[in-house]
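Dropping protein.csv in here (CSV, C-alpha atoms and all ligand atoms):
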```
chain,number,residue,atom,x,y,z
A,1,MET,CA,6.8,-64.5,-30.4
A,2,TYR,CA,3.7,-62.7,-29.0
A,3,GLN,CA,0.9,-62.7,-31.5
A,4,PRO,CA,-2.0,-60.4,-30.6
A,5,ASP,CA,-5.5,-61.0,-31.7
A,6,PHE,CA,-5.7,-57.3,-32.4
A,7,PRO,CA,-3.5,-55.1,-34.7
A,8,THR,CA,0.0,-54.8,-33.4
A,9,VAL,CA,1.6,-51.7,-31.8
A,10,PRO,CA,5.3,-51.0,-31.6
A,11,PHE,CA,7.0,-52.8,-28.7
A,12,ARG,CA,8.2,-49.3,-27.6
A,13,LEU,CA,5.2,-47.0,-27.4
A,14,GLY,CA,7.5,-44.5,-25.6
A,15,LEU,CA,6.0,-41.7,-23.5
A,16,TYR,CA,2.3,-42.2,-23.2
A,17,PRO,CA,0.4,-39.3,-21.6
A,18,VAL,CA,-3.1,-40.0,-20.4
A,19,VAL,CA,-5.2,-36.8,-20.5
A,20,ASP,CA,-8.8,-35.6,-20.0
A,21,SER,CA,-9.3,-33.0,-22.7
A,22,VAL,CA,-8.8,-32.3,-26.4
A,23,ASP,CA,-6.7,-29.2,-25.4
A,24,TRP,CA,-4.2,-31.4,-23.7
A,25,ILE,CA,-4.1,-33.8,-26.8
A,26,ALA,CA,-3.5,-30.8,-29.1
A,27,ARG,CA,-0.7,-29.3,-27.0
A,28,LEU,CA,1.1,-32.6,-26.4
A,29,LEU,CA,0.9,-33.7,-30.0
A,30,GLU,CA,2.4,-30.4,-31.0
A,31,ALA,CA,5.1,-31.0,-28.3
A,32,GLY,CA,6.2,-34.2,-30.1
A,33,VAL,CA,4.2,-36.9,-28.2
A,34,ARG,CA,3.1,-39.8,-30.5
A,35,THR,CA,1.3,-42.1,-28.1
A,36,ILE,CA,-1.5,-40.6,-26.1
A,37,GLN,CA,-4.9,-41.5,-24.5
A,38,LEU,CA,-8.1,-39.5,-24.0
A,39,ARG,CA,-9.5,-40.5,-20.6
A,40,ILE,CA,-12.7,-38.7,-19.8
A,41,LYS,CA,-14.5,-40.4,-16.9
A,42,ASP,CA,-18.1,-41.1,-16.2
A,43,LYS,CA,-19.9,-39.3,-19.0
A,44,GLN,CA,-22.6,-40.4,-21.3
A,45,ASP,CA,-21.6,-41.2,-24.9
A,46,ASP,CA,-23.4,-38.2,-26.3
A,47,GLU,CA,-21.5,-35.9,-23.8
A,48,VAL,CA,-18.1,-37.0,-25.0
A,49,GLU,CA,-18.7,-37.8,-28.7
A,50,ALA,CA,-17.6,-34.3,-30.0
A,51,ASP,CA,-14.4,-34.5,-28.0
A,52,ILE,CA,-13.7,-38.0,-29.2
A,53,ILE,CA,-14.2,-36.9,-32.8
A,54,ALA,CA,-11.8,-33.9,-32.3
A,55,ALA,CA,-9.2,-36.0,-30.6
A,56,ILE,CA,-9.2,-38.7,-33.3
A,57,ALA,CA,-8.9,-36.0,-36.0
A,58,LEU,CA,-5.8,-34.6,-34.1
A,59,GLY,CA,-4.3,-38.0,-33.8
A,60,GLN,CA,-4.6,-38.5,-37.5
A,61,ARG,CA,-3.2,-35.1,-38.3
A,62,TYR,CA,-0.1,-35.8,-36.3
A,63,ASN,CA,0.1,-39.5,-37.3
A,64,ALA,CA,-0.1,-40.4,-33.7
A,65,ARG,CA,-1.3,-43.4,-31.7
A,66,LEU,CA,-4.5,-42.1,-30.0
A,67,PHE,CA,-6.2,-44.5,-27.6
A,68,ILE,CA,-9.7,-43.8,-26.3
A,69,ASN,CA,-10.3,-45.0,-22.7
A,70,ASP,CA,-13.6,-46.6,-22.0
A,71,TYR,CA,-15.8,-45.4,-24.9
A,72,TRP,CA,-15.1,-48.3,-27.2
A,73,ARG,CA,-18.3,-47.9,-29.3
A,74,LEU,CA,-17.4,-44.3,-30.1
A,75,ALA,CA,-13.8,-45.3,-30.8
A,76,ILE,CA,-15.1,-47.8,-33.4
A,77,LYS,CA,-17.6,-45.4,-34.8
A,78,HIS,CA,-15.1,-42.7,-35.4
A,79,GLY,CA,-12.1,-44.8,-36.3
A,80,ALA,CA,-9.6,-44.3,-33.4
A,81,TYR,CA,-6.2,-45.9,-33.5
A,82,GLY,CA,-7.0,-47.9,-30.4
A,83,VAL,CA,-9.0,-48.4,-27.3
A,84,HIS,CA,-7.8,-48.9,-23.7
A,85,LEU,CA,-10.0,-51.0,-21.4
A,86,GLY,CA,-9.8,-52.1,-17.7
A,87,GLN,CA,-10.5,-55.6,-16.4
A,88,GLU,CA,-14.1,-54.7,-15.5
A,89,ASP,CA,-14.7,-53.1,-18.9
A,90,LEU,CA,-13.7,-56.3,-20.6
A,91,GLU,CA,-16.8,-58.1,-19.4
A,92,GLN,CA,-19.1,-55.5,-20.9
A,93,THR,CA,-17.3,-55.0,-24.2
A,94,ASP,CA,-17.8,-56.5,-27.6
A,95,LEU,CA,-14.2,-57.4,-28.3
A,96,ASP,CA,-15.1,-59.0,-31.6
A,97,ALA,CA,-16.4,-55.6,-32.7
A,98,ILE,CA,-13.2,-53.9,-31.8
A,99,ARG,CA,-11.2,-56.6,-33.6
A,100,ALA,CA,-13.4,-56.5,-36.7
A,101,ALA,CA,-13.1,-52.7,-36.9
A,102,GLY,CA,-9.2,-53.0,-36.8
A,103,LEU,CA,-8.7,-51.0,-33.6
A,104,ARG,CA,-5.7,-51.7,-31.4
A,105,LEU,CA,-6.6,-52.8,-27.8
A,106,GLY,CA,-4.7,-52.1,-24.6
A,107,VAL,CA,-5.8,-53.8,-21.3
A,108,SER,CA,-5.0,-52.8,-17.7
A,109,THR,CA,-3.6,-55.3,-15.2
A,110,HIS,CA,-2.6,-55.1,-11.5
A,111,ASP,CA,-1.4,-58.6,-10.7
A,112,ASP,CA,-0.6,-62.0,-12.1
A,113,MET,CA,-4.2,-63.1,-12.3
A,114,GLU,CA,-5.2,-60.0,-14.2
A,115,ILE,CA,-2.3,-60.6,-16.6
A,116,ASP,CA,-3.7,-64.1,-17.2
A,117,VAL,CA,-7.0,-62.6,-18.1
A,118,ALA,CA,-5.4,-60.0,-20.3
A,119,LEU,CA,-3.2,-62.6,-22.1
A,120,ALA,CA,-6.4,-64.7,-22.9
A,121,VAL,CA,-7.7,-61.7,-24.8
A,122,ARG,CA,-4.4,-61.3,-26.7
A,123,PRO,CA,-4.5,-57.5,-26.7
A,124,SER,CA,-2.1,-55.2,-28.6
A,125,TYR,CA,-0.4,-54.1,-25.4
A,126,ILE,CA,-0.7,-54.9,-21.6
A,127,ALA,CA,-0.6,-52.0,-19.1
A,128,LEU,CA,0.9,-52.8,-15.6
A,129,GLY,CA,-0.1,-50.7,-12.7
A,130,HIS,CA,0.1,-49.0,-10.4
A,131,VAL,CA,3.8,-49.1,-10.0
A,132,PHE,CA,4.0,-46.3,-7.3
A,133,PRO,CA,1.4,-44.6,-5.2
A,134,THR,CA,-0.8,-42.2,-7.2
A,135,GLN,CA,-3.0,-39.3,-6.3
A,136,THR,CA,-4.8,-39.4,-9.7
A,137,LYS,CA,-7.0,-42.4,-9.2
A,138,GLN,CA,-8.3,-44.3,-6.1
A,139,MET,CA,-6.7,-47.7,-6.4
A,140,PRO,CA,-8.1,-50.8,-4.6
A,141,SER,CA,-4.8,-52.5,-4.6
A,142,ALA,CA,-1.3,-51.7,-3.3
A,143,PRO,CA,1.4,-50.3,-5.5
A,144,GLN,CA,3.3,-53.1,-7.2
A,145,GLY,CA,6.8,-51.5,-7.0
A,146,LEU,CA,9.7,-51.9,-9.4
A,147,GLU,CA,10.6,-55.4,-8.5
A,148,GLN,CA,7.2,-56.8,-9.2
A,149,LEU,CA,7.1,-54.7,-12.4
A,150,ALA,CA,10.4,-56.3,-13.5
A,151,THR,CA,9.0,-59.7,-12.8
A,152,HIS,CA,5.9,-59.0,-15.0
A,153,ILE,CA,8.1,-57.7,-17.8
A,154,ALA,CA,10.3,-60.8,-17.7
A,155,ARG,CA,7.1,-63.0,-17.8
A,156,LEU,CA,5.6,-61.0,-20.8
A,157,GLY,CA,8.7,-61.3,-23.0
A,158,ASP,CA,8.1,-59.5,-26.3
A,159,THR,CA,4.5,-58.5,-25.5
A,160,PRO,CA,4.3,-54.7,-25.7
A,161,THR,CA,4.0,-53.3,-22.2
A,162,VAL,CA,3.1,-50.0,-20.6
A,163,ALA,CA,3.9,-49.1,-16.9
A,164,ILE,CA,1.5,-46.7,-15.2
A,165,GLY,CA,1.0,-45.1,-11.7
A,166,GLY,CA,3.0,-42.5,-9.9
A,167,ILE,CA,5.7,-42.3,-12.6
A,168,SER,CA,7.6,-39.0,-12.2
A,169,ILE,CA,10.6,-37.7,-14.1
A,170,ALA,CA,12.8,-38.8,-11.3
A,171,ARG,CA,11.4,-42.3,-11.3
A,172,ALA,CA,11.1,-42.8,-15.0
A,173,PRO,CA,14.7,-44.1,-15.6
A,174,ALA,CA,14.3,-46.9,-13.1
A,175,VAL,CA,10.9,-47.8,-14.6
A,176,LEU,CA,12.4,-47.9,-18.1
A,177,ALA,CA,15.3,-50.0,-16.8
A,178,THR,CA,12.9,-52.9,-16.2
A,179,GLY,CA,12.6,-53.2,-20.0
A,180,VAL,CA,9.0,-51.9,-20.2
A,181,GLY,CA,8.2,-50.5,-23.6
A,182,SER,CA,6.3,-47.4,-22.4
A,183,ILE,CA,5.6,-45.1,-19.5
A,184,ALA,CA,2.0,-43.8,-19.1
A,185,VAL,CA,1.8,-40.6,-17.0
A,186,VAL,CA,-0.9,-38.2,-15.9
A,187,SER,CA,0.3,-35.8,-13.2
A,188,ALA,CA,3.9,-35.8,-14.2
A,189,ILE,CA,2.8,-33.7,-17.1
A,190,THR,CA,-0.6,-32.2,-16.2
A,191,GLN,CA,0.4,-31.1,-12.7
A,192,ALA,CA,4.0,-30.1,-13.6
A,193,PRO,CA,4.9,-26.4,-12.9
A,194,ASP,CA,6.2,-26.3,-16.5
A,195,TRP,CA,4.4,-29.0,-18.6
A,196,GLN,CA,6.5,-28.3,-21.7
A,197,ALA,CA,9.7,-28.8,-19.9
A,198,ALA,CA,8.4,-32.0,-18.2
A,199,THR,CA,7.2,-33.4,-21.5
A,200,ALA,CA,10.5,-32.6,-23.2
A,201,GLN,CA,12.4,-34.4,-20.4
A,202,LEU,CA,10.1,-37.4,-20.4
A,203,LEU,CA,10.4,-37.6,-24.2
A,204,GLN,CA,14.1,-37.5,-23.9
A,205,LEU,CA,13.9,-40.4,-21.4
A,206,ALA,CA,11.2,-42.7,-22.9
A,207,GLY,CA,11.2,-41.6,-26.6
A,208,ALA,CA,8.1,-40.9,-28.6
A,209,GLY,CA,7.8,-44.6,-29.5
A,210,ASP,CA,8.9,-46.9,-32.3
A,211,GLU,CA,12.6,-46.1,-31.8
A,301,LIG,C1,-2.1,-46.9,-20.2
A,301,LIG,C2,-3.2,-47.1,-19.2
A,301,LIG,N1,-3.1,-48.0,-18.2
A,301,LIG,C3,-4.1,-48.2,-17.3
A,301,LIG,C4,-5.2,-47.5,-17.4
A,301,LIG,C5,-6.3,-47.7,-16.4
A,301,LIG,O1,-7.5,-48.1,-17.1
A,301,LIG,P1,-8.8,-48.6,-16.4
A,301,LIG,O2,-8.4,-49.8,-15.6
A,301,LIG,O3,-9.8,-48.8,-17.4
A,301,LIG,O4,-9.2,-47.5,-15.4
A,301,LIG,P2,-9.7,-46.0,-15.9
A,301,LIG,O5,-8.5,-45.3,-16.6
A,301,LIG,O6,-10.8,-46.2,-16.8
A,301,LIG,O7,-10.1,-45.4,-14.6
A,301,LIG,C6,-5.3,-46.5,-18.4
A,301,LIG,N2,-6.4,-45.7,-18.5
A,301,LIG,N3,-4.3,-46.3,-19.3
A,302,LIG,C1,-5.5,-43.9,-14.7
A,302,LIG,C2,-4.6,-44.8,-13.9
A,302,LIG,N1,-4.7,-46.2,-14.0
A,302,LIG,C3,-3.8,-46.8,-13.2
A,302,LIG,C4,-3.7,-48.2,-13.0
A,302,LIG,O1,-2.8,-48.7,-12.3
A,302,LIG,O2,-4.4,-48.9,-13.7
A,302,LIG,S1,-2.9,-45.7,-12.3
A,302,LIG,C5,-3.7,-44.4,-13.0
A,302,LIG,C6,-3.3,-43.0,-12.7
A,302,LIG,C7,-1.9,-42.6,-13.1
A,302,LIG,O3,-1.8,-41.2,-12.8
A,302,LIG,P1,-0.4,-40.6,-12.3
A,302,LIG,O4,0.6,-40.7,-13.5
A,302,LIG,O5,-0.7,-39.2,-12.0
A,302,LIG,O6,0.0,-41.4,-11.1
A,303,MG,MG,-11.3,-47.7,-18.2
```

Structure encoded using structure tokens:
Amino acid sequence: MYQPDFPTVPFRLGLYPVVDSVDWIARLLEAGVRTIQLRIKDKQDDEVEADIIAAIALGQRYNARLFINDYWRLAIKHGAYGVHLGQEDLEQTDLDAIRAAGLRLGVSTHDDMEIDVALAVRPSYIALGHVFPTQTKQMPSAPQGLEQLATHIARLGDTPTVAIGGISIARAPAVLATGVGSIAVVSAITQAPDWQAATAQLLQLAGAGDE
């Protein structure tokens, strides 16, 4: 049985929107989302601290799993549910401090070697990307595709997993069929012509987590 070195998360984290503002956090929590990430890129800590405080307060009000991307010191300082880190972030992060503060940890991976690195850290969940081409982030690697995703899921057994990258409503059923516990999405919600309808459909497909 997978035993993380950080607090556990449910195997099924369900629909996991990744968004760049407190406004999006507020509307998606109100819409029923219960796993969510605040991802604000390339700012100084003092520029994002107020947003992080507000997002954490919302997460607590809705009893949701709010992960903070990148700003792990602020996540600790203000008591977030969890932190999400990439492979490069791992080298510059005090993982002992995250563990000691009792925050959950999610780690990005893009191939088998990165999964080895992530497993050595024993995070709360492992993210697997990018499954399909994405317009949201410049990726140095090629999309992994569904077959490779399924191979990773089989390898990871009962480790909580999250798939990310190019996941649309149309593609979500095939991604979930690999057995992955969660689907993380940006544009499927934030660029949707009707974000409320898109969120409702994705919640219907992936659940809110913990089911
Ligand atoms: C759920 C989830 N998976 C992967 C990522 C990517 O994180 P990272 O590699 O740290 O890259 P940036 O998001 O910081 O550009 C994520 N944020 N969330
Ligand atoms: C932030 C991020 N990380 C990825 C990874 O593979 O690590 S893919 C990605 C962007 C996902 O956006 P969309 O759902 O719009 O494709
Ligand atoms: Mg990051």

>> Neighbours of ligand LIG 302 (chain A) at 9 Å or closer, counting only C-alpha atoms and all ligand atoms: which residues, as a VMD selection string?
In response: chain A and resid 17 to 18 39 86 108 to 110 127 to 139 141 143 163 to 168 183 to 191

> Could you list, as an MDAnalysis selection string, all the residues within 12 Å of ligand MG 303 (chain A), counting only C-alpha atoms and all ligand atoms?
Replying inline: chainID A and resid 18 37:42 67:72 83:93 105:109 127 137

Give me the residues near Ala170 of chain A as a PDB file with C-alpha atoms, keeping the file's coordinate frame, where near means some atom within 12 Å (using all atoms listed in the file) and where sequence neighbours in that chain fewer than 3 positions away do not count.
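Listing of part_23.pdb after writing:
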```pdb
ATOM      1  CA  GLY A 166       3.000 -42.500  -9.900  1.00  0.00           C
ATOM      2  CA  ILE A 167       5.700 -42.300 -12.600  1.00  0.00           C
ATOM      3  CA  PRO A 173      14.700 -44.100 -15.600  1.00  0.00           C
ATOM      4  CA  ALA A 174      14.300 -46.900 -13.100  1.00  0.00           C
ATOM      5  CA  VAL A 175      10.900 -47.800 -14.600  1.00  0.00           C
ATOM      6  CA  LEU A 176      12.400 -47.900 -18.100  1.00  0.00           C
ATOM      7  CA  ALA A 188       3.900 -35.800 -14.200  1.00  0.00           C
ATOM      8  CA  ALA A 198       8.400 -32.000 -18.200  1.00  0.00           C
ATOM      9  CA  GLN A 201      12.400 -34.400 -20.400  1.00  0.00           C
ATOM     10  CA  LEU A 202      10.100 -37.400 -20.400  1.00  0.00           C
ATOM     11  CA  LEU A 205      13.900 -40.400 -21.400  1.00  0.00           C
TER      12      LEU A 205
END
```

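Take the candidates A:Asp20, A:Asp194, A:Glu30, A:Glu49 and check each one against Arg73 of chain A using all atoms listed in the file; the shortest distance goes to A:Glu49.
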
>> Report, in Å to a single decimal, how far apart atom CA of Ile169 of chain A and atom O1 of ligand LIG 301 (chain A) are.
In response: 21.1 Å

> Any idea what's packed within 12 Å of Ile56 of chain A, counting all atoms listed in the file, ignoring anything in its chain fewer than 5 positions away? Could you give it as number ranges by chain?
Replying inline: A: 22, 25-26, 29, 36-38, 49-51, 61-68, 74-83

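Atom CA of Tyr16 of chain A is positioned 5.0 Å from atom CA of Thr35 of chain A.
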